[in-house]
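S.K.: This structure is in structure tokens; I'll ask about it shortly.
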Amino acid sequence: MVISTPDFSALPDVHDLRSLSQALALLDAILCPDWESRYYSFDAHWGAEEALASMRNGEGDHYFCLFNADGAILKGFLHESAMSPFRSNPPRIWPGVLDSVPPQFTEALTEPAFVIDETTFCIWRTNQDSAWQRGDIRFPDSEWTDGLAELLAMLDNNPRTYQRWAESYYERPVSLEAVIHIYEHKQLTGEIIQVLNPDLSLQELSLDIAEIGYAHSQ
């Protein structure tokens with residue numbers, strides 16, 4: 001199922017999205033030791049009871065997802081979107097995108113790392129919600145042009161989605177078995193790392209593992 005603004009039911013719940021975000025960050029850390037060239041990152045120690053997942057594609061597009069004790073809020077920016085704040089003078093965020101953010105997440109709207117001035121979509125889910133939520137938005141020309149479908153496609157929790165993307169982006173074969181291993185948060189070993197990147201050791205990855213907070217299942 002494709003994640004889109006009309007229907008983002010395929011987006012994992014808060015717990016599973018956090019787990020997936022850690023897996024994506026770890027896979028990128030293995031495949032690309034150069035942090036500046038990575039797409040996905042995860043800081044498990046962002047704040048007290050807070051973690052931050054992010055994606056940056058190097059072309060100005062990004063998303064940030066803040067996890068806290070109340071749930072999660074995810075905002076993104078597609079620079080080519082018809083809903084870009086910069087299509088107005090002065091720039092303004094499209095009406096409705098942030099208007100209904102619940103109080104559990106309003107601190108994120110003033111967090112510099114969120115780059116809130118660059119926002120084309122925003123969704124959230126509290127621990128009491130049964131689904132992800134968004135504001136009441138009148139979309140331009142009845143088109144879903146907020147960038148959500150483009151930027152969140154990787155979050156379908158399908159290892160093959162990441163494998164296909166990584167092989168294209170990093171221009172080398174990527175083991176699906178190894179990707180599944182990490183998606184399932186199985187114990188990270190030197191052998192798994194070597195399958196994905198023969199030039200990297202478990203010890204060299206230790207700081208990334210600590211930052212990501214990757215914990216393996218039994």
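Residues in the structure tokens are named by chain (A, B, ... in the order shown) and by number from 1 within that chain; ligands are numbered from 1 in the order shown.
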At a cut-off of 9 Å, using only C-alpha atoms, what residues contact stretch 84-94 of chain A? Leave out same-chain residues fewer than 4 positions from it and give the result as a JSON list (two decimals) with N, CA and C atoms, in the first residue's frame.
M.R.:
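Writing done, so here's selection23.json:
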```json
[["chain", "number", "residue", "atom", "x", "y", "z"],
["A", 77, "PHE", "N", 9.08, 18.89, 4.10],
["A", 77, "PHE", "CA", 9.17, 20.00, 3.16],
["A", 77, "PHE", "C", 9.65, 19.49, 1.81],
["A", 78, "LEU", "N", 8.83, 19.69, 0.80],
["A", 78, "LEU", "CA", 9.20, 19.41, -0.59],
["A", 78, "LEU", "C", 9.28, 20.74, -1.30],
["A", 79, "HIS", "N", 10.49, 21.10, -1.74],
["A", 79, "HIS", "CA", 10.67, 22.48, -2.23],
["A", 79, "HIS", "C", 9.89, 22.76, -3.52],
["A", 80, "GLU", "N", 9.56, 21.71, -4.27],
["A", 80, "GLU", "CA", 8.81, 21.90, -5.51],
["A", 80, "GLU", "C", 7.29, 21.86, -5.29],
["A", 98, "LEU", "N", -0.58, 23.55, 9.99],
["A", 98, "LEU", "CA", -0.14, 23.52, 11.39],
["A", 98, "LEU", "C", -1.22, 23.97, 12.37],
["A", 116, "ILE", "N", 10.71, 24.89, 10.99],
["A", 116, "ILE", "CA", 9.27, 24.92, 10.78],
["A", 116, "ILE", "C", 8.86, 25.87, 9.68],
["A", 117, "ASP", "N", 9.68, 26.88, 9.37],
["A", 117, "ASP", "CA", 9.35, 27.79, 8.27],
["A", 117, "ASP", "C", 9.36, 27.08, 6.93],
["A", 118, "GLU", "N", 10.02, 25.94, 6.87],
["A", 118, "GLU", "CA", 10.04, 25.12, 5.65],
["A", 118, "GLU", "C", 9.14, 23.90, 5.90],
["A", 119, "THR", "N", 7.87, 24.08, 5.69],
["A", 119, "THR", "CA", 6.89, 23.01, 5.94],
["A", 119, "THR", "C", 5.85, 22.98, 4.83],
["A", 120, "THR", "N", 5.65, 21.80, 4.24],
["A", 120, "THR", "CA", 4.55, 21.64, 3.29],
["A", 120, "THR", "C", 3.54, 20.60, 3.76],
["A", 121, "PHE", "N", 3.91, 19.79, 4.75],
["A", 121, "PHE", "CA", 2.94, 18.87, 5.36],
["A", 121, "PHE", "C", 3.33, 18.60, 6.81],
["A", 137, "ILE", "N", -7.37, 20.93, 5.69],
["A", 137, "ILE", "CA", -6.64, 21.68, 4.66],
["A", 137, "ILE", "C", -7.42, 21.68, 3.35],
["A", 139, "PHE", "N", -6.65, 21.83, -0.25],
["A", 139, "PHE", "CA", -5.47, 21.65, -1.08],
["A", 139, "PHE", "C", -5.60, 22.42, -2.40],
["A", 146, "ASP", "N", 1.42, 18.16, -1.38],
["A", 146, "ASP", "CA", 2.16, 18.62, -0.21],
["A", 146, "ASP", "C", 3.52, 17.94, -0.06]]
```
S.K.: Within 7 Å of stretch 26-35 of chain A, counting only C-alpha atoms, which residues qualify if same-chain residues fewer than 2 places away don't, as a ChimeraX atom specification?
M.R.: /A:22-24,37-38,40,193,196-197,208
S.K.: So which one's closest to A:Pro12, A:Leu188, A:Met154, A:Cys122, A:Ala108? Using only C-alpha atoms, please.
M.R.: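 The shortest atom-to-atom distance to A:Pro12 comes from A:Met154.
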S.K.: Which residue is closest to A:Arg138? Choose from A:Leu152, A:Ala10, A:Cys65, A:Met83 and count only C-alpha atoms.
M.R.: A:Met83
S.K.: Which is closer to A:Pro140 than all the others in A:Ser81, A:Ser9, A:Ser41, A:Ser4, using only C-alpha atoms?
M.R.: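 The closest residue to A:Pro140 is A:Ser81.
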S.K.: Please report the interatomic distance between atom CA of A:Tyr170 and atom CA of A:Ile123 in Å with one decimal.
M.R.: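 Here the two named atoms are 29.7 Å from each other.
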